$ cat structure29.tsv   # TSV, C-alpha atoms
chain	number	residue	atom	x	y	z
A	1	MET	CA	-36.62	14.98	-33.75
A	2	VAL	CA	-34.02	17.55	-34.75
A	3	LEU	CA	-31.56	16.02	-32.28
A	4	LEU	CA	-32.43	12.40	-32.94
A	5	VAL	CA	-30.12	11.80	-35.91
A	6	PRO	CA	-26.98	13.39	-34.38
A	7	THR	CA	-27.70	11.64	-31.08
A	8	LEU	CA	-28.02	8.25	-32.73
A	9	THR	CA	-24.89	8.92	-34.76
A	10	TRP	CA	-22.94	9.81	-31.61
A	11	LEU	CA	-24.15	6.66	-29.86
A	12	PHE	CA	-23.23	4.53	-32.87
A	13	ILE	CA	-19.67	5.92	-32.88
A	14	PHE	CA	-19.00	6.19	-29.14
A	15	GLY	CA	-21.58	3.92	-27.51
A	16	PRO	CA	-19.44	0.78	-27.19
A	17	ALA	CA	-16.50	2.82	-25.87
A	18	ILE	CA	-18.42	4.40	-22.97
A	19	VAL	CA	-19.76	1.17	-21.47
A	20	PRO	CA	-18.08	0.64	-18.06
A	21	LEU	CA	-15.37	-2.00	-18.12
A	22	SER	CA	-16.51	-3.01	-14.63
A	23	TRP	CA	-19.65	-4.51	-16.17
A	24	SER	CA	-17.72	-7.17	-18.07
A	25	ALA	CA	-14.13	-7.15	-16.79
A	26	PRO	CA	-12.55	-10.59	-16.45
A	27	GLN	CA	-11.85	-11.88	-12.97
A	28	ARG	CA	-8.42	-11.06	-11.58
A	29	SER	CA	-6.07	-13.99	-11.84
A	30	ALA	CA	-3.53	-15.01	-9.22
A	31	HIS	CA	-0.83	-13.14	-11.14
A	32	THR	CA	-1.43	-9.55	-12.22
A	33	MET	CA	0.63	-6.54	-13.23
A	34	VAL	CA	-0.34	-2.92	-12.58
A	35	LEU	CA	1.01	-0.52	-15.20
A	36	SER	CA	0.82	3.27	-14.93
A	37	SER	CA	1.82	5.94	-17.43
A	38	GLN	CA	1.90	9.75	-17.36
A	39	ASN	CA	3.15	12.73	-19.31
A	40	ILE	CA	4.73	14.54	-16.35
A	41	LYS	CA	4.99	17.93	-18.15
A	42	ALA	CA	8.50	19.16	-18.71
A	43	GLY	CA	9.61	22.08	-16.58
A	44	THR	CA	7.51	21.27	-13.51
A	45	GLY	CA	10.34	19.59	-11.64
A	46	ALA	CA	7.80	17.08	-10.35
A	47	ALA	CA	8.68	13.88	-12.21
A	48	ALA	CA	9.78	12.16	-9.00
A	49	GLN	CA	6.59	13.28	-7.27
A	50	SER	CA	4.50	11.72	-10.02
A	51	ALA	CA	6.55	8.53	-9.89
A	52	LEU	CA	6.27	8.21	-6.11
A	53	GLU	CA	2.51	8.77	-6.17
A	54	LEU	CA	2.06	6.18	-8.92
A	55	ALA	CA	4.22	3.79	-6.92
A	56	ALA	CA	2.08	4.40	-3.83
A	57	GLY	CA	-0.94	3.45	-5.93
A	58	GLY	CA	0.43	-0.05	-6.38
A	59	SER	CA	2.07	0.19	-9.79
A	60	ASP	CA	4.49	-2.57	-10.75
A	61	VAL	CA	5.68	-0.75	-13.85
A	62	ILE	CA	5.74	3.04	-14.31
A	63	ALA	CA	6.18	4.72	-17.70
A	64	LEU	CA	6.81	8.47	-17.89
A	65	GLN	CA	6.91	10.86	-20.82
A	66	GLU	CA	8.18	14.42	-21.36
A	67	LEU	CA	11.16	13.88	-19.11
A	68	ASP	CA	13.54	16.84	-19.12
A	69	ALA	CA	17.13	17.34	-18.02
A	70	GLY	CA	17.80	15.64	-14.71
A	71	SER	CA	14.28	14.35	-14.14
A	72	ALA	CA	15.05	10.75	-15.09
A	73	GLN	CA	17.90	10.66	-12.59
A	74	ARG	CA	15.64	12.02	-9.85
A	75	VAL	CA	12.99	9.41	-10.63
A	76	THR	CA	15.58	6.63	-10.55
A	77	ALA	CA	16.90	7.84	-7.20
A	78	ALA	CA	13.38	8.06	-5.76
A	79	LEU	CA	12.36	4.58	-6.96
A	80	GLU	CA	15.60	2.60	-6.80
A	81	GLU	CA	14.71	0.51	-3.72
A	82	ARG	CA	11.38	-0.79	-5.08
A	83	TYR	CA	11.96	-0.43	-8.83
A	84	PRO	CA	15.53	-1.56	-9.48
A	85	HIS	CA	15.09	-1.93	-13.25
A	86	HIS	CA	14.79	1.03	-15.60
A	87	PHE	CA	15.40	2.14	-19.15
A	88	VAL	CA	15.33	5.75	-20.37
A	89	VAL	CA	15.45	7.10	-23.93
A	90	GLY	CA	15.24	10.82	-24.59
A	91	THR	CA	11.99	12.07	-23.07
A	92	VAL	CA	10.56	8.64	-22.16
A	93	GLY	CA	11.43	6.11	-19.51
A	94	VAL	CA	10.17	3.02	-17.74
A	95	TRP	CA	10.82	1.87	-14.14
A	96	SER	CA	9.94	-1.67	-13.14
A	97	LYS	CA	9.87	-4.09	-10.23
A	98	TYR	CA	10.50	-6.80	-12.83
A	99	PRO	CA	13.67	-7.20	-14.91
A	100	LEU	CA	13.66	-5.47	-18.28
A	101	MET	CA	15.17	-7.29	-21.24
A	102	ASN	CA	15.89	-6.49	-24.90
A	103	SER	CA	15.35	-2.77	-24.26
A	104	GLN	CA	15.87	-0.54	-27.27
A	105	PRO	CA	15.19	3.06	-28.35
A	106	LEU	CA	12.75	3.78	-31.16
A	107	GLU	CA	13.08	6.79	-33.43
A	108	LEU	CA	9.82	6.24	-35.35
A	109	GLY	CA	10.79	8.68	-38.09
A	110	LEU	CA	11.08	11.71	-35.83
A	111	GLY	CA	14.83	12.20	-36.17
A	112	TRP	CA	15.40	11.84	-32.44
A	113	LYS	CA	14.25	9.21	-30.00
A	114	ARG	CA	11.17	9.60	-27.83
A	115	ALA	CA	9.87	6.03	-27.78
A	116	LEU	CA	11.14	2.67	-26.59
A	117	SER	CA	10.38	-1.02	-26.44
A	118	THR	CA	11.34	-3.50	-23.75
A	119	ASP	CA	10.39	-6.93	-22.44
A	120	VAL	CA	9.04	-6.99	-18.89
A	121	ASP	CA	10.20	-10.33	-17.50
A	122	THR	CA	7.53	-11.23	-14.94
A	123	ASP	CA	7.30	-14.42	-12.90
A	124	SER	CA	4.45	-15.49	-15.19
A	125	GLY	CA	6.06	-14.77	-18.52
A	126	ARG	CA	7.31	-11.87	-20.62
A	127	VAL	CA	5.25	-8.91	-21.74
A	128	ARG	CA	6.48	-6.71	-24.60
A	129	LEU	CA	6.04	-3.05	-23.64
A	130	TYR	CA	6.10	-0.03	-25.95
A	131	VAL	CA	6.25	3.49	-24.49
A	132	ILE	CA	5.69	6.48	-26.75
A	133	HIS	CA	5.66	10.25	-26.49
A	134	ALA	CA	4.26	11.17	-29.88
A	135	ALA	CA	5.05	14.51	-31.49
A	136	SER	CA	2.61	17.31	-30.82
A	137	ALA	CA	-0.27	17.77	-33.23
A	138	ARG	CA	-1.98	20.99	-34.27
A	139	PRO	CA	-4.69	21.55	-36.88
A	140	ASN	CA	-2.16	22.35	-39.62
A	141	ASP	CA	0.90	20.64	-38.17
A	142	HIS	CA	0.56	16.92	-37.42
A	143	VAL	CA	2.89	15.29	-39.96
A	144	ASP	CA	5.47	14.22	-37.35
A	145	ARG	CA	2.80	12.81	-35.05
A	146	ASP	CA	1.18	10.90	-37.89
A	147	GLU	CA	4.52	9.45	-38.99
A	148	MET	CA	5.40	8.30	-35.47
A	149	LEU	CA	2.06	6.57	-35.03
A	150	ALA	CA	2.31	4.95	-38.46
A	151	GLN	CA	5.80	3.61	-37.72
A	152	LEU	CA	4.72	2.40	-34.29
A	153	ALA	CA	1.84	0.54	-35.93
A	154	ALA	CA	4.26	-1.01	-38.43
A	155	ALA	CA	6.58	-2.13	-35.62
A	156	VAL	CA	3.73	-3.65	-33.65
A	157	ARG	CA	2.29	-5.38	-36.71
A	158	THR	CA	5.51	-7.29	-37.30
A	159	ASP	CA	6.29	-7.91	-33.63
A	160	PRO	CA	5.94	-11.66	-32.93
A	161	HIS	CA	5.22	-11.27	-29.21
A	162	GLU	CA	1.77	-12.54	-28.24
A	163	ASN	CA	1.47	-10.48	-25.06
A	164	MET	CA	1.92	-6.77	-25.60
A	165	VAL	CA	1.11	-3.36	-24.12
A	166	ALA	CA	1.63	0.08	-25.67
A	167	VAL	CA	1.26	3.10	-23.40
A	168	GLY	CA	2.07	6.79	-23.39
A	169	ASP	CA	1.05	10.17	-24.69
A	170	PHE	CA	-0.06	9.48	-28.25
A	171	ASN	CA	-1.12	13.11	-28.79
A	172	ALA	CA	-4.18	11.72	-30.55
A	173	THR	CA	-7.73	10.91	-29.56
A	174	SER	CA	-9.30	7.53	-30.24
A	175	THR	CA	-11.21	8.98	-33.23
A	176	ASP	CA	-8.14	10.45	-34.90
A	177	ARG	CA	-7.39	8.78	-38.22
A	178	ALA	CA	-3.68	8.59	-37.37
A	179	PHE	CA	-4.48	6.76	-34.12
A	180	LYS	CA	-6.61	4.21	-35.96
A	181	LYS	CA	-3.45	2.77	-37.48
A	182	ILE	CA	-2.39	1.47	-34.09
A	183	SER	CA	-5.80	0.97	-32.48
A	184	THR	CA	-6.85	-1.44	-35.22
A	185	ILE	CA	-3.90	-3.67	-34.27
A	186	LEU	CA	-4.05	-3.33	-30.49
A	187	GLU	CA	-7.17	-3.01	-28.34
A	188	GLU	CA	-7.97	-0.16	-25.97
A	189	PRO	CA	-10.04	-1.33	-22.99
A	190	ASN	CA	-12.94	0.75	-21.74
A	191	GLN	CA	-12.77	2.77	-18.55
A	192	ASP	CA	-13.79	1.13	-15.26
A	193	GLY	CA	-16.55	3.67	-14.69
A	194	GLY	CA	-17.48	4.20	-18.32
A	195	LEU	CA	-17.36	7.33	-20.49
A	196	LEU	CA	-14.30	8.32	-22.52
A	197	GLY	CA	-11.64	8.84	-19.84
A	198	PHE	CA	-10.35	12.23	-20.96
A	199	THR	CA	-6.77	12.86	-19.77
A	200	TRP	CA	-5.95	16.41	-20.92
A	201	PRO	CA	-5.96	19.14	-19.82
A	202	ARG	CA	-6.12	18.07	-16.19
A	203	SER	CA	-8.80	20.40	-14.91
A	204	PRO	CA	-12.56	20.46	-14.33
A	205	PHE	CA	-12.82	20.96	-18.10
A	206	THR	CA	-10.78	18.01	-19.37
A	207	MET	CA	-11.51	17.69	-23.09
A	208	MET	CA	-9.45	14.93	-24.73
A	209	ARG	CA	-7.98	11.48	-24.17
A	210	LEU	CA	-4.44	11.80	-25.48
A	211	ASP	CA	-2.95	9.14	-23.18
A	212	HIS	CA	-3.77	5.53	-23.89
A	213	VAL	CA	-3.26	1.92	-22.84
A	214	LEU	CA	-3.42	-0.55	-25.74
A	215	VAL	CA	-3.06	-4.31	-25.37
A	216	ARG	CA	-2.76	-7.59	-27.26
A	217	GLY	CA	-3.08	-11.06	-25.79
A	218	LEU	CA	-3.72	-9.85	-22.23
A	219	GLU	CA	-6.87	-9.52	-20.14
A	220	VAL	CA	-7.42	-6.07	-18.64
A	221	THR	CA	-9.22	-6.22	-15.31
A	222	SER	CA	-9.09	-2.48	-14.61
A	223	ASN	CA	-8.41	0.69	-16.63
A	224	THR	CA	-8.76	4.15	-15.14
A	225	ASN	CA	-7.26	7.63	-14.86
A	226	VAL	CA	-5.55	8.83	-11.69
A	227	GLU	CA	-4.05	12.07	-10.45
A	228	ALA	CA	-0.31	12.20	-9.88
A	229	GLY	CA	2.15	15.03	-9.43
A	230	ILE	CA	1.34	18.46	-10.88
A	231	SER	CA	1.21	17.57	-14.57
A	232	ASP	CA	-1.43	18.89	-16.95
A	233	HIS	CA	-2.15	15.24	-17.87
A	234	PHE	CA	-3.96	12.65	-15.79
A	235	ALA	CA	-2.03	9.42	-15.46
A	236	VAL	CA	-3.51	6.21	-16.88
A	237	ARG	CA	-3.48	3.05	-14.80
A	238	ALA	CA	-4.31	-0.49	-15.93
A	239	GLU	CA	-4.29	-3.85	-14.20
A	240	LEU	CA	-3.54	-6.85	-16.40
A	241	ASN	CA	-3.79	-10.58	-15.89
A	242	LEU	CA	-0.36	-11.95	-16.64
A	243	PRO	CA	0.10	-14.84	-19.07
A	244	GLY	CA	0.85	-18.29	-17.71
A	245	LYS	CA	4.21	-19.81	-18.53

$ encode --input "structure29.tsv" --output "structure tokens"
Amino acid sequence: MVLLVPTLTWLFIFGPAIVPLSWSAPQRSAHTMVLSSQNIKAGTGAAAQSALELAAGGSDVIALQELDAGSAQRVTAALEERYPHHFVVGTVGVWSKYPLMNSQPLELGLGWKRALSTDVDTDSGRVRLYVIHAASARPNDHVDRDEMLAQLAAAVRTDPHENMVAVGDFNATSTDRAFKKISTILEEPNQDGGLLGFTWPRSPFTMMRLDHVLVRGLEVTSNTNVEAGISDHFAVRAELNLPGK
């Protein structure tokens, strides 16, 4: 009885989020896009390794965060044959098999740019993509993170695109009040196998989901975490049914 109330409270808060997506995922359509995203951890020198492993896993679009000096160029060189389209801003970048249009950097109140938006021009229509590497958050130091997430939410709220994905390292869990500003506008699909899909730190004792895939107007047929490179973050990987023209 002592544990009943906290158990019921936990189930009320997290229950819907831990149900496996595989139980109710929509059927894959004839036209899908696989999108992967990872914080590759600056200083490891393994950005290209992460990118190549995500490419080998069937990704059509690869978003990377925490890029450091030279790493974007190495990724571009490693992927140029299969992913001829790319856009890099500060510590974030996206590499795509599809053309990228209307690409632009986003400051989001930080004072320097570590987010971007672009239109992925697929054969079945355009998908607006946001990639973010939110500022770090600590118990007494999360003002920059909160401001970035608030400005991202404001940008998304006024964005007229029907089909949208936002991915990256949000440096916030799904229960964080700052994250709610964006997660109430876009939807985060459950994990294929259920539970909460913790992404950091990448170890047997992973504790938090800081990396997210959020969507609007698109069906998600798969959403899971995968290992790539030597980062301290798991990568996130989602398969989406593309819109019809």

$ closest_atom_pairs --input "structure29.tsv" --of "region 182-223 of chain A" --to "region 113-133 of chain A" --cutoff "10 Å" --atoms "all atoms listed in the file" --output "CSV"
residue,atom,partner,partner_atom,distance
A:Asp211,CA,A:His133,CA,9.3
A:His212,CA,A:Ile132,CA,9.9
A:Val213,CA,A:Val131,CA,9.8
A:Leu214,CA,A:Tyr130,CA,9.5
A:Val215,CA,A:Leu129,CA,9.3
A:Arg216,CA,A:Arg128,CA,9.7
A:Gly217,CA,A:Val127,CA,9.5
A:Leu218,CA,A:Val127,CA,9.0

$ closest_residue --input "structure29.tsv" --among "A:Pro84, A:Gly90, A:Gly194, A:Gly58" --to "Ala72 (chain A)" --atoms "only C-alpha atoms"
A:Gly90

$ atom_distance --input "structure29.tsv" --atom1 "CA of Arg237 (chain A)" --atom2 "CA of Thr224 (chain A)"
5.4 Å

$ atom_distance --input "structure29.tsv" --atom1 "CA of Ala155 (chain A)" --atom2 "CA of Leu240 (chain A)"
22.2 Å

$ closest_residue --input "structure29.tsv" --among "A:Glu66, A:Glu80, A:Glu107, A:Asp192" --to "Asp169 (chain A)" --atoms "only C-alpha atoms"
A:Glu66

$ axis_aligned_box --input "structure29.tsv" --around "region 44-48 of chain A" --padding-each-side "6 Å" --output "lines of an AutoDock Vina configuration file"
center_x = 8.9
center_y = 16.7
center_z = -11.3
size_x = 14.8
size_y = 21.1
size_z = 16.5
